[in-house]
file protein-v1.txt (compact mmCIF, C-alpha atoms)
# COMPACT_ATOMS: atom_id res chain seq x y z
CA MET C 1 21.03 10.01 89.71
CA ARG C 2 23.25 11.89 87.47
CA TYR C 3 22.51 12.94 83.97
CA ARG C 4 25.00 13.33 81.28
CA ALA C 5 24.64 16.10 78.84
CA GLY C 6 22.99 14.95 75.62
CA SER C 7 21.87 11.59 76.97
CA GLY C 8 18.26 12.66 77.34
CA GLY C 9 17.99 11.12 80.77
CA ARG C 10 19.09 7.63 79.73
CA ALA C 11 22.66 7.43 80.86
CA GLY C 12 24.16 3.96 80.70
CA ARG C 13 21.20 2.38 78.79
CA ARG C 14 21.15 1.38 75.15
CA PRO C 15 18.35 2.76 73.08
CA ARG C 16 15.45 0.38 72.48
CA CYS C 17 15.47 0.71 68.68
CA ALA C 18 19.01 -0.68 68.49
CA GLY C 19 17.87 -3.91 70.12
CA ILE C 20 14.91 -4.29 67.85
CA LEU C 21 17.02 -3.68 64.75
CA GLY C 22 19.54 -6.25 65.88
CA VAL C 23 16.88 -8.92 66.35
CA LEU C 24 15.31 -8.20 62.95
CA SER C 25 18.58 -8.27 61.04
CA THR C 26 19.64 -11.51 62.74
CA GLY C 27 16.33 -13.12 61.81
CA LEU C 28 16.50 -12.04 58.19
CA LEU C 29 20.08 -13.22 57.78
CA SER C 30 19.27 -16.64 59.23
CA LEU C 31 16.59 -17.19 56.52
CA GLY C 32 19.16 -17.31 53.74
CA PRO C 33 18.73 -16.28 50.09
CA LEU C 34 15.27 -16.89 48.64
CA PRO C 35 14.30 -16.23 45.02
CA ALA C 36 11.91 -13.40 44.51
CA ALA C 37 8.58 -14.45 43.03
CA ALA C 38 8.96 -12.08 40.07
CA GLN C 39 12.21 -13.72 38.99
CA VAL C 40 10.93 -17.27 38.83
CA GLY C 41 10.28 -18.34 35.21
CA LEU C 42 11.88 -15.38 33.49
CA ALA C 43 14.32 -16.16 30.71
CA SER C 44 15.82 -14.23 27.84
CA ALA C 45 14.87 -15.23 24.31
CA VAL C 46 14.91 -13.87 20.77
CA GLY C 47 11.80 -11.85 20.00
CA SER C 48 10.39 -10.48 16.78
CA VAL C 49 8.54 -7.28 16.01
CA THR C 50 6.29 -6.74 13.00
CA LEU C 51 5.96 -3.25 11.61
CA VAL C 52 3.04 -2.38 9.35
CA ALA C 53 3.07 0.73 7.18
CA HIS C 54 -0.07 1.99 5.50
CA VAL C 55 0.32 4.00 2.30
CA ASP C 56 -2.48 5.82 0.53
CA PRO C 57 -3.45 4.11 -2.75
CA GLN C 58 -2.17 5.99 -5.77
CA GLY C 59 -1.39 5.43 -9.42
CA SER C 60 -0.40 7.26 -12.58
CA ILE C 61 -0.16 6.91 -16.34
CA SER C 62 3.29 8.02 -17.43
CA SER C 63 3.13 7.49 -21.22
CA VAL C 64 1.04 6.21 -24.11
CA THR C 65 2.60 5.17 -27.42
CA PRO C 66 1.06 6.20 -30.76
CA PRO C 67 -1.10 3.48 -32.38
CA ARG C 68 0.92 0.83 -34.22
CA PRO C 69 -0.96 -0.99 -37.00
CA THR C 70 -1.16 -4.75 -36.51
CA SER C 71 -3.55 -5.77 -39.31
CA GLN C 72 -6.04 -4.41 -41.82
CA THR C 73 -9.16 -6.04 -43.24
CA GLY C 74 -10.93 -3.97 -45.88
CA LEU C 75 -11.62 -0.56 -44.41
CA LEU C 76 -10.98 -1.64 -40.80
CA MET C 77 -7.51 -1.29 -39.34
CA GLU C 78 -6.44 -2.91 -36.10
CA ALA C 79 -3.78 -1.16 -34.02
CA VAL C 80 -2.27 -1.40 -30.57
CA THR C 81 -1.04 1.25 -28.15
CA THR C 82 1.05 0.62 -25.05
CA VAL C 83 0.19 2.41 -21.82
CA ARG C 84 2.88 2.69 -19.17
CA LEU C 85 1.30 2.89 -15.72
CA SER C 86 2.15 2.39 -12.09
CA SER C 87 -0.04 1.75 -9.09
CA ASN C 88 0.48 0.65 -5.51
CA ALA C 89 -3.06 -0.76 -5.25
CA GLY C 90 -5.54 -2.61 -7.42
CA TYR C 91 -6.55 -0.64 -10.52
CA ARG C 92 -8.67 -0.56 -13.66
CA LEU C 93 -7.44 1.00 -16.91
CA ILE C 94 -10.34 2.71 -18.67
CA VAL C 95 -10.56 4.13 -22.21
CA ARG C 96 -13.08 6.96 -22.70
CA GLY C 97 -14.37 8.30 -26.03
CA LEU C 98 -13.81 12.04 -26.56
CA GLU C 99 -16.53 14.57 -27.37
CA GLY C 100 -16.72 15.79 -30.98
CA SER C 101 -15.21 12.68 -32.55
CA THR C 102 -16.56 11.84 -36.01
CA SER C 103 -14.66 8.58 -36.58
CA ARG C 104 -15.81 5.21 -35.33
CA VAL C 105 -13.43 3.50 -32.94
CA TRP C 106 -13.76 0.12 -31.23
CA VAL C 107 -11.65 -0.89 -28.24
CA ARG C 108 -11.07 -4.39 -26.90
CA SER C 109 -12.54 -4.56 -23.39
CA SER C 110 -11.19 -6.54 -20.45
CA THR C 111 -13.64 -9.31 -21.39
CA GLY C 112 -11.98 -9.68 -24.81
CA GLU C 113 -14.72 -8.28 -27.06
CA PHE C 114 -14.49 -5.09 -29.12
CA VAL C 115 -16.86 -2.31 -27.97
CA LEU C 116 -17.78 0.76 -30.02
CA LEU C 117 -16.61 3.95 -28.28
CA THR C 118 -18.91 6.92 -28.51
CA ALA C 119 -18.47 10.37 -27.03
CA GLY C 120 -18.45 10.11 -23.24
CA THR C 121 -18.63 6.31 -22.99
CA SER C 122 -15.97 4.43 -21.09
CA VAL C 123 -14.74 0.86 -21.43
CA PRO C 124 -12.53 -0.94 -18.89
CA VAL C 125 -9.69 -2.53 -20.86
CA ALA C 126 -7.42 -3.95 -18.16
CA GLY C 127 -7.03 -4.25 -14.43
CA ALA C 128 -5.16 -5.88 -11.61
CA PRO C 129 -6.28 -6.81 -8.10
CA ARG C 130 -2.94 -5.68 -6.63
CA GLY C 131 -0.58 -2.90 -7.53
CA SER C 132 2.85 -3.22 -9.00
CA GLU C 133 5.76 -0.88 -9.50
CA GLU C 134 5.35 -0.29 -13.22
CA THR C 135 3.33 -2.07 -15.90
CA LEU C 136 3.18 -1.92 -19.68
CA GLN C 137 -0.39 -2.57 -20.82
CA ASP C 138 -1.30 -3.09 -24.48
CA VAL C 139 -4.66 -1.66 -25.60
CA TYR C 140 -6.14 -2.91 -28.89
CA PHE C 141 -8.27 -0.74 -31.20
CA ARG C 142 -10.17 -1.14 -34.46
CA PHE C 143 -11.02 1.91 -36.53
CA GLU C 144 -11.73 2.96 -40.08
CA ALA C 145 -8.47 2.92 -42.00
CA PRO C 146 -7.18 6.20 -43.39
CA VAL C 147 -7.72 6.55 -47.14
CA SER C 148 -4.13 7.64 -47.74
CA GLY C 149 -2.78 4.38 -46.30
CA GLY C 150 -0.21 6.23 -44.16
CA THR C 151 0.24 6.17 -40.43
CA PRO C 152 -2.95 5.97 -38.40
CA PRO C 153 -4.25 9.27 -37.01
CA PRO C 154 -4.28 9.92 -33.26
CA LEU C 155 -7.19 8.11 -31.67
CA PRO C 156 -9.99 10.25 -30.18
CA VAL C 157 -9.72 8.60 -26.76
CA ARG C 158 -8.62 9.43 -23.25
CA TYR C 159 -7.02 6.96 -20.82
CA GLU C 160 -8.01 6.93 -17.16
CA LEU C 161 -6.72 4.95 -14.22
CA ALA C 162 -9.25 4.07 -11.52
CA ILE C 163 -7.68 2.98 -8.23
CA ASP C 164 -9.54 0.35 -6.25
CA PRO C 165 -9.32 1.26 -2.57
CA THR C 166 -8.35 -1.50 -0.17
CA ILE C 167 -9.07 -1.68 3.50
call {"tool": "encode", "arguments": {"input": "protein-v1.txt", "output": "structure tokens"}}
result
Amino acid sequence: MRYRAGSGGRAGRRPRCAGILGVLSTGLLSLGPLPAAAQVGLASAVGSVTLVAHVDPQGSISSVTPPRPTSQTGLLMEAVTTVRLSSNAGYRLIVRGLEGSTSRVWVRSSTGEFVLLTAGTSVPVAGAPRGSEETLQDVYFRFEAPVSGGTPPPLPVRYELAIDPTI
């Protein structure tokens, strides 16, 4: 028996793996095309995505107008101021009486009745369950009219904005 160089002792014989590969490829080709299980039922469609952005609640008072007289009855004058505020959440506008005030001042509360403001007391005068970009809020006061009959003096009050947190 002769050996050829590089044949590894198998001269004239086909390698076994070639026969096995031939049988396998013939069998697979005879099966024909079959759909893959992962492709069955897939279709393209329009989808939608919802983005939610959370912003910290915040608000500010940007301006307050001087009191404008609306009526006068005897020694009591009624006046209105306009507060410009903005808030991105629910809020309450509060009027607080200042320390050291000697004049008597009443403010109309959010319930509609006039409440006497004393030093350190606070009265909620308006509010909203949701924020808005910018709001003009009128605040009504009653106070003792000036004797001179001129323009009303500055009111001894401070305006505060309380933000209602939402979850």
call {"tool": "residues_around", "arguments": {"input": "protein-v1.txt", "residues": "stretch 132-135 of chain C", "least_positions_apart": "5", "cutoff": "9 Å", "atoms": "only C-alpha atoms", "output": "list in words"}}
result
Val83, Arg84, Leu85, Ser86, Ser87, Asn88, Ala89 and Gly90 of chain C
call {"tool": "atom_distance", "arguments": {"input": "protein-v1.txt", "atom1": "atom CA of C:Gly120", "atom2": "atom CA of C:Leu75"}}
result
24.7 Å
call {"tool": "residues_around", "arguments": {"input": "protein-v1.txt", "residues": "C:Phe114", "least_positions_apart": "2", "cutoff": "12 Å", "atoms": "all atoms listed in the file", "output": "PyMOL selection string"}}
result
chain C and resi 78+105-112+116-117+123-125+139-143
call {"tool": "residues_around", "arguments": {"input": "protein-v1.txt", "residues": "C:Val157", "least_positions_apart": "5", "cutoff": "9 Å", "atoms": "only C-alpha atoms", "output": "JSON, numbers by chain"}}
result
{"C": [95, 96, 97, 98, 101, 105, 117, 119]}
call {"tool": "closest_residue", "arguments": {"input": "protein-v1.txt", "among": "C:Ser122, C:Arg130, C:Ala145, C:Val46", "to": "C:Arg104", "atoms": "all atoms listed in the file"}}
result
C:Ala145
call {"tool": "atom_distance", "arguments": {"input": "protein-v1.txt", "atom1": "atom CA of C:Thr70", "atom2": "atom CA of C:Pro129"}}
result
28.9 Å
call {"tool": "atom_distance", "arguments": {"input": "protein-v1.txt", "atom1": "atom CA of C:Pro57", "atom2": "atom CA of C:Thr81"}}
result
25.7 Å
call {"tool": "closest_residue", "arguments": {"input": "protein-v1.txt", "among": "C:Met77, C:Leu21, C:Leu136, C:Leu93", "to": "C:Thr151", "atoms": "only C-alpha atoms"}}
result
C:Met77
call {"tool": "decode", "arguments": {"input": "protein-v1.txt", "residues": "stretch 127-141 of chain C", "atoms": "C-alpha atoms", "output": "PDB file, in the first residue's frame"}}
result
ATOM      1  CA  GLY C 127     -56.480  80.548  46.456  1.00  0.00           C
ATOM      2  CA  ALA C 128     -56.566  78.145  43.575  1.00  0.00           C
ATOM      3  CA  PRO C 129     -56.355  74.344  43.498  1.00  0.00           C
ATOM      4  CA  ARG C 130     -54.129  74.439  40.399  1.00  0.00           C
ATOM      5  CA  GLY C 131     -51.458  76.816  39.261  1.00  0.00           C
ATOM      6  CA  SER C 132     -51.602  79.158  36.342  1.00  0.00           C
ATOM      7  CA  GLU C 133     -49.076  81.229  34.468  1.00  0.00           C
ATOM      8  CA  GLU C 134     -49.976  84.617  35.903  1.00  0.00           C
ATOM      9  CA  THR C 135     -52.967  85.864  37.880  1.00  0.00           C
ATOM     10  CA  LEU C 136     -54.239  89.261  38.966  1.00  0.00           C
ATOM     11  CA  GLN C 137     -55.959  88.939  42.337  1.00  0.00           C
ATOM     12  CA  ASP C 138     -57.947  91.790  43.900  1.00  0.00           C
ATOM     13  CA  VAL C 139     -57.728  92.122  47.696  1.00  0.00           C
ATOM     14  CA  TYR C 140     -60.354  94.239  49.475  1.00  0.00           C
ATOM     15  CA  PHE C 141     -59.648  96.256  52.636  1.00  0.00           C
TER      16      PHE C 141
END
